[in-house]
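Everything below belongs to work.txt, which stores compact mmCIF, C-alpha atoms and all ligand atoms.
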# COMPACT_ATOMS: atom_id res chain seq x y z
CA MET A 1 4.52 26.94 14.71
CA ASP A 2 2.61 23.93 13.50
CA THR A 3 1.81 21.75 16.52
CA ARG A 4 0.37 18.81 14.58
CA PRO A 5 2.41 15.60 14.78
CA THR A 6 4.88 15.18 11.94
CA LEU A 7 3.80 12.60 9.39
CA LEU A 8 6.49 10.02 8.74
CA VAL A 9 5.53 7.91 5.75
CA ILE A 10 7.30 4.54 6.02
CA ALA A 11 7.86 3.14 2.55
CA HIS A 12 9.06 -0.37 1.68
CA GLY A 13 11.89 0.68 -0.64
CA SER A 14 13.10 -1.01 -3.82
CA ARG A 15 16.13 -1.36 -6.05
CA ASP A 16 13.89 0.11 -8.75
CA PRO A 17 14.28 3.92 -8.78
CA ARG A 18 10.66 4.32 -9.92
CA HIS A 19 9.61 3.19 -6.42
CA ALA A 20 11.09 6.16 -4.54
CA ALA A 21 9.99 8.56 -7.30
CA THR A 22 6.41 7.31 -6.85
CA VAL A 23 6.62 7.65 -3.06
CA SER A 24 7.84 11.25 -3.48
CA ALA A 25 4.99 12.08 -5.86
CA LEU A 26 2.46 10.63 -3.44
CA CYS A 27 3.90 12.65 -0.53
CA ALA A 28 3.73 15.80 -2.65
CA ARG A 29 0.01 15.14 -3.10
CA VAL A 30 -0.43 14.69 0.66
CA ARG A 31 1.34 18.02 1.29
CA ALA A 32 -1.00 19.68 -1.20
CA LEU A 33 -4.01 18.27 0.71
CA ARG A 34 -2.63 19.43 4.07
CA PRO A 35 -0.60 22.59 3.58
CA GLY A 36 1.68 23.19 6.54
CA LEU A 37 1.73 19.57 7.68
CA ARG A 38 5.28 18.30 7.84
CA VAL A 39 5.55 15.12 5.75
CA GLU A 40 8.77 13.09 5.79
CA VAL A 41 9.64 9.74 4.19
CA GLY A 42 11.73 6.92 5.63
CA TYR A 43 12.45 3.58 3.96
CA LEU A 44 12.61 0.09 5.45
CA ASP A 45 15.13 -1.19 2.94
CA PHE A 46 16.96 -0.43 -0.33
CA ASN A 47 16.50 3.38 -0.28
CA ALA A 48 17.77 6.25 1.86
CA PRO A 49 16.97 7.74 4.25
CA ARG A 50 16.13 4.74 6.43
CA VAL A 51 13.48 5.16 9.13
CA PRO A 52 15.86 5.36 12.16
CA ARG A 53 17.93 8.14 10.50
CA VAL A 54 14.81 10.24 9.84
CA LEU A 55 13.62 9.82 13.44
CA GLU A 56 17.04 10.83 14.78
CA ARG A 57 17.02 13.93 12.61
CA LEU A 58 13.47 14.88 13.62
CA SER A 59 14.29 14.46 17.30
CA ALA A 60 17.46 16.56 16.92
CA GLU A 61 15.39 19.29 15.26
CA GLY A 62 13.05 19.41 18.24
CA VAL A 63 10.11 17.44 16.85
CA ARG A 64 8.29 15.67 19.71
CA ASP A 65 5.33 13.95 18.09
CA VAL A 66 5.44 11.63 15.10
CA VAL A 67 2.75 9.62 13.36
CA ALA A 68 4.49 6.73 11.60
CA LEU A 69 2.29 5.74 8.68
CA PRO A 70 3.14 2.47 6.92
CA LEU A 71 2.82 2.90 3.17
CA LEU A 72 1.52 -0.66 3.02
CA LEU A 73 -1.73 -2.10 1.81
CA THR A 74 -2.00 -5.06 4.17
CA ARG A 75 -1.38 -5.78 7.83
CA ALA A 76 1.19 -8.54 7.43
CA PHE A 77 4.88 -9.11 8.14
CA HIS A 78 6.11 -5.57 7.51
CA ALA A 79 3.26 -3.87 9.42
CA LYS A 80 3.08 -6.34 12.32
CA SER A 81 6.73 -7.22 12.97
CA ASP A 82 9.19 -5.25 10.92
CA ILE A 83 7.94 -1.67 11.44
CA PRO A 84 7.02 -2.03 15.15
CA ALA A 85 10.53 -3.39 15.81
CA VAL A 86 12.19 -0.53 13.94
CA LEU A 87 10.05 2.05 15.77
CA ARG A 88 10.57 0.45 19.20
CA GLU A 89 14.31 0.42 18.69
CA ALA A 90 14.35 4.08 17.63
CA ALA A 91 11.97 5.15 20.42
CA ALA A 92 14.24 3.52 23.01
CA ARG A 93 17.15 5.67 21.81
CA LEU A 94 15.09 8.86 21.37
CA PRO A 95 13.22 9.34 24.66
CA LEU A 96 11.91 12.83 23.78
CA LEU A 97 10.04 11.50 20.78
CA THR A 98 6.50 10.08 20.92
CA ILE A 99 5.85 7.78 17.98
CA ARG A 100 2.45 6.43 17.08
CA GLN A 101 2.06 3.83 14.35
CA ALA A 102 -0.95 4.47 12.11
CA GLU A 103 -3.03 1.73 10.52
CA VAL A 104 -2.05 0.30 7.14
CA LEU A 105 -3.90 1.68 4.12
CA GLY A 106 -6.09 -1.30 3.28
CA PRO A 107 -8.76 -2.37 3.10
CA SER A 108 -10.51 0.77 1.91
CA SER A 109 -13.09 1.79 -0.69
CA LEU A 110 -10.59 4.49 -1.68
CA LEU A 111 -8.24 1.71 -2.81
CA THR A 112 -10.86 -0.02 -4.93
CA ALA A 113 -11.71 3.41 -6.39
CA ALA A 114 -8.01 3.83 -7.27
CA LEU A 115 -7.95 0.33 -8.81
CA GLU A 116 -10.96 1.26 -10.94
CA ARG A 117 -9.25 4.50 -12.01
CA ARG A 118 -6.21 2.50 -13.18
CA LEU A 119 -8.34 -0.08 -15.01
CA ALA A 120 -10.13 2.75 -16.84
CA GLU A 121 -6.74 4.21 -17.82
CA ALA A 122 -5.81 0.81 -19.25
CA GLY A 123 -8.88 1.03 -21.50
CA LEU A 124 -11.65 -0.70 -19.55
CA ARG A 125 -15.05 0.94 -20.04
CA PRO A 126 -17.80 0.95 -17.39
CA GLY A 127 -20.02 -1.11 -19.71
CA ASP A 128 -17.37 -3.87 -19.78
CA ARG A 129 -17.74 -4.80 -16.13
CA ARG A 130 -20.23 -7.64 -16.38
CA SER A 131 -18.14 -9.42 -18.99
CA THR A 132 -14.76 -8.80 -17.29
CA GLY A 133 -13.01 -11.00 -14.74
CA VAL A 134 -10.41 -9.16 -12.66
CA VAL A 135 -7.24 -10.62 -11.19
CA LEU A 136 -6.43 -8.66 -8.03
CA ALA A 137 -2.65 -9.10 -8.03
CA SER A 138 -0.90 -8.25 -4.76
CA ALA A 139 2.68 -8.64 -3.48
CA GLY A 140 1.90 -11.72 -1.39
CA SER A 141 2.80 -12.65 2.18
CA SER A 142 3.42 -15.77 4.23
CA ASP A 143 1.05 -14.28 6.84
CA PRO A 144 -2.27 -16.15 6.53
CA GLU A 145 -4.19 -13.07 7.73
CA ALA A 146 -3.04 -11.23 4.59
CA GLY A 147 -4.41 -13.95 2.31
CA ALA A 148 -7.75 -13.96 4.12
CA VAL A 149 -8.02 -10.16 3.90
CA LEU A 150 -7.21 -10.19 0.17
CA ALA A 151 -9.87 -12.85 -0.42
CA GLU A 152 -12.40 -10.68 1.41
CA ILE A 153 -11.42 -7.57 -0.59
CA ALA A 154 -11.86 -9.55 -3.82
CA ARG A 155 -15.29 -10.78 -2.70
CA GLU A 156 -16.45 -7.33 -1.63
CA TRP A 157 -15.18 -5.64 -4.82
CA TRP A 158 -16.88 -8.28 -6.99
CA HIS A 159 -20.08 -7.69 -5.07
CA THR A 160 -20.10 -3.87 -5.16
CA ALA A 161 -18.57 -3.19 -8.60
CA GLY A 162 -20.42 -5.86 -10.57
CA TRP A 163 -17.43 -7.60 -12.12
CA CYS A 164 -18.04 -11.00 -13.66
CA ALA A 165 -15.46 -12.31 -11.15
CA VAL A 166 -12.57 -11.06 -8.97
CA ARG A 167 -9.75 -13.46 -8.08
CA PRO A 168 -6.73 -12.74 -5.85
CA ALA A 169 -3.23 -13.56 -7.10
CA PHE A 170 0.19 -13.12 -5.48
CA ALA A 171 3.64 -12.13 -6.73
CA SER A 172 5.49 -13.91 -3.91
CA ALA A 173 5.05 -16.19 -0.89
CA SER A 174 1.57 -17.49 -1.79
CA LEU A 175 -0.42 -18.95 -4.67
CA PRO A 176 -1.97 -18.58 -7.18
CA ARG A 177 0.39 -16.49 -9.30
CA THR A 178 -1.02 -13.91 -11.70
CA ALA A 179 -0.66 -16.11 -14.80
CA ASP A 180 -2.48 -19.03 -13.14
CA ALA A 181 -5.36 -16.80 -11.99
CA VAL A 182 -5.71 -15.39 -15.54
CA ARG A 183 -5.78 -18.92 -17.00
CA ALA A 184 -8.30 -20.10 -14.40
CA LEU A 185 -10.71 -17.29 -15.33
CA ARG A 186 -10.30 -18.10 -19.02
CA ALA A 187 -10.94 -21.80 -18.36
CA GLU A 188 -14.20 -20.78 -16.67
CA GLY A 189 -15.24 -19.03 -19.88
CA VAL A 190 -14.71 -15.41 -18.76
CA ARG A 191 -14.62 -13.30 -21.95
CA ARG A 192 -12.30 -10.48 -20.89
CA VAL A 193 -9.60 -10.83 -18.23
CA ALA A 194 -8.05 -7.75 -16.64
CA VAL A 195 -5.11 -7.70 -14.24
CA ALA A 196 -5.30 -5.03 -11.53
CA PRO A 197 -2.00 -4.75 -9.60
CA TYR A 198 -2.80 -4.09 -5.93
CA VAL A 199 0.63 -2.60 -5.30
CA ILE A 200 1.71 0.94 -4.63
CA ALA A 201 4.76 1.61 -6.77
CA PRO A 202 6.54 0.13 -9.79
CA GLY A 203 9.28 -2.32 -8.87
CA PHE A 204 10.40 -5.93 -8.72
CA LEU A 205 7.09 -7.50 -7.66
CA PRO A 206 4.92 -5.34 -9.97
CA ASP A 207 7.20 -6.35 -12.87
CA ARG A 208 6.54 -9.98 -11.94
CA ILE A 209 2.79 -9.32 -11.99
CA ALA A 210 3.11 -7.69 -15.43
CA ALA A 211 5.16 -10.63 -16.73
CA GLY A 212 2.47 -13.03 -15.48
CA ALA A 213 -0.25 -10.98 -17.19
CA ARG A 214 1.69 -11.06 -20.49
CA GLU A 215 2.56 -14.74 -20.20
CA ALA A 216 -1.11 -15.72 -19.80
CA ARG A 217 -2.22 -13.13 -22.38
CA ALA A 218 -4.51 -11.09 -20.14
CA ASP A 219 -6.60 -8.67 -22.20
CA LEU A 220 -5.72 -5.74 -19.99
CA LEU A 221 -3.04 -4.79 -17.49
CA ALA A 222 -3.69 -1.76 -15.28
CA PRO A 223 -0.83 0.45 -14.05
CA VAL A 224 0.08 0.26 -10.33
CA LEU A 225 -1.81 2.47 -7.87
CA GLY A 226 1.00 5.03 -7.81
CA PRO A 227 0.28 8.58 -6.64
CA ALA A 228 -3.47 8.25 -7.25
CA PRO A 229 -5.50 11.05 -5.62
CA GLU A 230 -7.48 8.39 -3.70
CA LEU A 231 -4.25 7.14 -2.16
CA ALA A 232 -3.24 10.63 -1.02
CA ARG A 233 -6.66 11.05 0.61
CA LEU A 234 -6.30 7.67 2.28
CA LEU A 235 -2.92 8.64 3.77
CA VAL A 236 -4.51 11.76 5.25
CA ARG A 237 -7.36 9.64 6.63
CA ARG A 238 -4.98 7.17 8.31
CA TYR A 239 -2.92 10.07 9.71
CA ASP A 240 -6.05 11.65 11.19
CA GLY A 241 -7.08 8.28 12.62
CA ALA A 242 -3.76 7.94 14.42
CA VAL A 243 -3.88 11.52 15.74
CA LEU A 244 -7.35 10.90 17.17
CA ALA A 245 -6.62 7.40 18.50
CA PRO A 246 -5.37 8.40 22.01
CA ALA A 247 -8.51 10.50 22.58
CA ARG A 248 -10.54 7.32 22.12
CA GLY A 249 -8.46 5.63 24.82
CA ASP A 250 -6.96 3.46 22.13
CA LEU A 251 -3.34 4.18 23.01
CA THR A 252 -0.93 3.07 20.37
CA ALA A 253 1.96 5.28 21.45
CA LEU A 254 5.23 3.41 21.46
CA SER A 255 6.86 5.72 23.98
CA ALA A 256 5.21 8.00 26.49
C1 LIG B 1 8.25 -11.10 3.88
C2 LIG B 1 8.10 -11.35 2.40
C3 LIG B 1 7.11 -12.45 2.13
C4 LIG B 1 7.03 -13.51 3.13
O1 LIG B 1 7.88 -14.42 3.09
O2 LIG B 1 6.10 -13.46 3.94
C5 LIG B 1 7.64 -10.07 1.74
C6 LIG B 1 6.48 -9.46 2.08
C7 LIG B 1 5.94 -8.32 1.51
N1 LIG B 1 6.57 -7.49 0.62
C8 LIG B 1 5.73 -6.50 0.25
C9 LIG B 1 5.97 -5.45 -0.64
C10 LIG B 1 7.09 -5.28 -1.42
N2 LIG B 1 8.12 -6.16 -1.54
C11 LIG B 1 9.05 -5.70 -2.42
C12 LIG B 1 10.19 -6.37 -2.81
C13 LIG B 1 10.66 -7.59 -2.37
N3 LIG B 1 10.12 -8.32 -1.37
C14 LIG B 1 10.83 -9.46 -1.16
C15 LIG B 1 10.54 -10.43 -0.22
C16 LIG B 1 9.53 -10.53 0.70
N4 LIG B 1 8.50 -9.65 0.81
C17 LIG B 1 9.42 -11.67 1.67
C18 LIG B 1 10.59 -11.73 2.61
C19 LIG B 1 11.56 -12.79 2.21
C20 LIG B 1 12.82 -12.57 2.97
O3 LIG B 1 13.29 -11.41 3.06
O4 LIG B 1 13.34 -13.55 3.49
C21 LIG B 1 12.06 -9.50 -2.00
C22 LIG B 1 13.26 -9.29 -1.12
C23 LIG B 1 12.40 -10.76 -2.72
C24 LIG B 1 11.35 -11.61 -3.34
O5 LIG B 1 10.15 -11.33 -3.37
O6 LIG B 1 11.76 -12.64 -3.85
C25 LIG B 1 11.81 -8.33 -2.99
C26 LIG B 1 13.03 -7.46 -3.25
C27 LIG B 1 13.37 -7.52 -4.71
C28 LIG B 1 14.73 -7.01 -5.01
O7 LIG B 1 15.70 -7.70 -4.66
O8 LIG B 1 14.85 -5.95 -5.63
C29 LIG B 1 8.60 -4.42 -2.88
C30 LIG B 1 9.40 -3.50 -3.80
C31 LIG B 1 9.55 -4.05 -5.18
O9 LIG B 1 8.67 -4.83 -5.63
O10 LIG B 1 10.50 -3.67 -5.86
C32 LIG B 1 7.37 -4.15 -2.27
C33 LIG B 1 6.48 -2.92 -2.42
C34 LIG B 1 5.40 -3.19 -3.42
C35 LIG B 1 4.49 -2.00 -3.54
O11 LIG B 1 4.93 -0.97 -4.08
O12 LIG B 1 3.32 -2.09 -3.13
C36 LIG B 1 4.48 -6.70 0.95
C37 LIG B 1 3.25 -5.89 0.75
C38 LIG B 1 3.09 -4.91 1.81
C39 LIG B 1 1.76 -4.26 1.60
O13 LIG B 1 1.67 -3.24 0.91
O14 LIG B 1 0.79 -4.77 2.16
C40 LIG B 1 4.64 -7.85 1.74
C41 LIG B 1 3.62 -8.49 2.66
C42 LIG B 1 4.03 -8.51 4.09
O15 LIG B 1 4.26 -7.44 4.69
O16 LIG B 1 4.04 -9.61 4.65
CO CO B 2 8.50 -7.72 -0.07

In structure tokens, how does this file's structure come out?
Ligand SMILES: C[C@@]1(CC(=O)O)c2cc3[nH]c(cc4nc(cc5[nH]c(cc(n2)[C@H]1CCC(=O)O)[C@@](C)(CC(=O)O)[C@@H]5CCC(=O)O)C(CC(=O)O)=C4CCC(=O)O)c(CCC(=O)O)c3CC(=O)O
Ligand SMILES: [Co+2]
Amino acid sequence: MDTRPTLLVIAHGSRDPRHAATVSALCARVRALRPGLRVEVGYLDFNAPRVPRVLERLSAEGVRDVVALPLLLTRAFHAKSDIPAVLREAAARLPLLTIRQAEVLGPSSLLTAALERRLAEAGLRPGDRRSTGVVLASAGSSDPEAGAVLAEIAREWWHTAGWCAVRPAFASASLPRTADAVRALRAEGVRRVAVAPYVIAPGFLPDRIAAGAREARADLLAPVLGPAPELARLLVRRYDGAVLAPARGDLTALSA
């Protein structure tokens, strides 16, 4: 029997059916990277099964150890408040289960590599970098830490990839919006403006980013990250990090 903790991927959920289809495709890639590892998905909202139902089922089946991995790019509301509350509540009802929450996916060079893969798919050539300004369009959060982290990711990516500029934009909760960031780059004289959605799956907020890119006539709109191979590798990396965490004395277990 496989004694490794079960991987529970916690996805946001969406009314858009492409969201859950993308999450499933990503999990299939993770299973291919780690044959024999049990990978389950639970949703916070909109889709079934919800996280508490999955944990109940796992506990009933005799699973004792779970790594709960937020399928989120940023440590903000969902990662800091929402998921810990859901896990605490479930852990209190399921005393045989040990649940560890893994780190969120970002920031990571694997994510910028996935963004570059998507920009190339949208037609951007490596030689275009110096003349291209990129709008890094994320979901947005009212958590100021998220905004600061996104600004740092934009700075770092600009620095390492050699873009003419990288500017953050947000689909909700904070400003600027995608269309305003595209216009600002144009006003600064940037020749080619590309929009890179820093979101995982198609859905409501990605559609808003795409509408903003069209409205401001961006030259290029990349697809969402989706089941990129870099993302699958990053999930495995965060899972491994959580499995190793207690050995470092960095106990994140929610129930003993
Ligand atoms: C807390 C809040 C902002 C705040 O106020 O701080 C916030 C935060 C975050 N959402 C994130 C992600 C996604 N959000 C959606 C969808 C919706 N999100 C909405 C609201 C809110 N989202 C605010 C709560 C307001 C309230 O509930 O009172 C909805 C209801 C309405 C709306 O936006 O108007 C709309 C449903 C639309 C519908 O009805 O169908 C999808 C799915 C999709 O787009 O379809 C994804 C996955 C995208 C992907 O695939 O990556 C992340 C990024 C996490 C990460 O990866 O880092 C954060 C950041 C964080 O965690 O803080
Ligand atoms: Co949201």

Original post:
Which chains and residue numbers are within 7 Å of ligand LIG 1 (chain B), counting only C-alpha atoms and all ligand atoms, if I want them as an MDAnalysis selection string?
Top reply: chainID A and resid 12:16 19 71:79 139:143 172:173 199:206

Subject >> Proximity to ligand CO 2 (chain B) - best of A:Phe46, A:Glu103, A:Leu235, A:Glu156, only C-alpha atoms and all ligand atoms >> reply: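 Closest residue, counting only C-alpha atoms and all ligand atoms: A:Phe46.
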
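Across the model, the gap from atom CA of A:Gly133 to atom CA of A:Trp163 is 6.2 Å.
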
**OP:** Mind giving me the straight-line distance from atom CA of A:Arg167 to atom CA of A:Ala151 in Å, one decimal?
**Re:**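 A separation of 7.7 Å between them.
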
**OP:** Neighbourhood query: residues within 7 Å of (-5.7, 6.4, 0.3), file coordinates, counting all atoms listed in the file; return as a list in words.
**Re:** Leu105, Leu110, Leu111, Glu230, Leu231, Ala232, Arg233, Leu234 and Leu235 of chain A

**OP:** Go through A:Pro5, A:Gly123, A:Ala228, A:Phe170 and flag the residue nearest ligand CO 2 (chain B), using all atoms listed in the file for the distances.
**Re:**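 Nearest to ligand CO 2 (chain B): A:Phe170.
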
Subject >> Pick from A:Leu26, A:Ala165, A:Ala171, A:Leu37 nearest to ligand CO 2 (chain B), counting all atoms listed in the file >> reply: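 Smallest separation from ligand CO 2 (chain B) among the options: A:Ala171.
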
Subject >> Long-range neighbours of A:Gln101 as a list in words, 10 Å cut-off, only C-alpha atoms, 5 positions minimum in chain >> reply: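 Counting only the stated atoms, we get Leu8, Ile10, Val66, Val67, Ala68, Leu69, Pro70, Ala79, Ile83, Pro84, Leu87, Arg238, Tyr239, Ala242, Val243, Thr252, Ala253 and Leu254 of chain A.
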
**OP:** In the coordinate frame of the file, compute which residues have an atom within 12 Å of (13.3, 8.8, 23.4) when using all atoms listed in the file, and state them as number ranges by chain.
**Re:** A: 55-56, 58-60, 62-66, 87-99, 254-256

Original post:
Hey, can you check how far atom CA of A:Ala187 sits from atom CA of A:Pro144?
Top reply: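 Computing the Euclidean distance for atom CA of A:Ala187 and atom CA of A:Pro144 yields 27.0 Å.
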
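For A:Arg29, the list of residues within 8 Å, based on all atoms listed in the file and with local chain neighbours fewer than 3 positions off taken out, reads Ala25, Leu26, Ala32, Leu33, Pro227, Pro229 and Ala232 of chain A.
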
Original post:
Which residues come within 12 Å of A:Ala184, counting only C-alpha atoms, excluding same-chain residues fewer than 3 positions away, as a list in words?
Top reply: Gly133, Val134, Val135, Ala165, Val166, Arg167, Pro168, Ala169, Pro176, Arg177, Thr178, Ala179, Asp180, Ala181, Ala187, Glu188, Gly189, Val190, Arg191, Val193, Ala216 and Ala218 of chain A

**OP:** Give me the residues within 8 Å of A:Tyr198 as a ChimeraX atom specification, counting all atoms listed in the file and dropping any in the same chain fewer than 2 places off.
**Re:** /A:115,136-139,196,200,224-225

Original post:
Closest to A:Glu40 among A:Ile209, A:Leu220, A:Leu7, A:Leu124, using all atoms listed in the file?
Top reply: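 Once distances to A:Glu40 are computed over all atoms listed in the file, the minimum belongs to A:Leu7.
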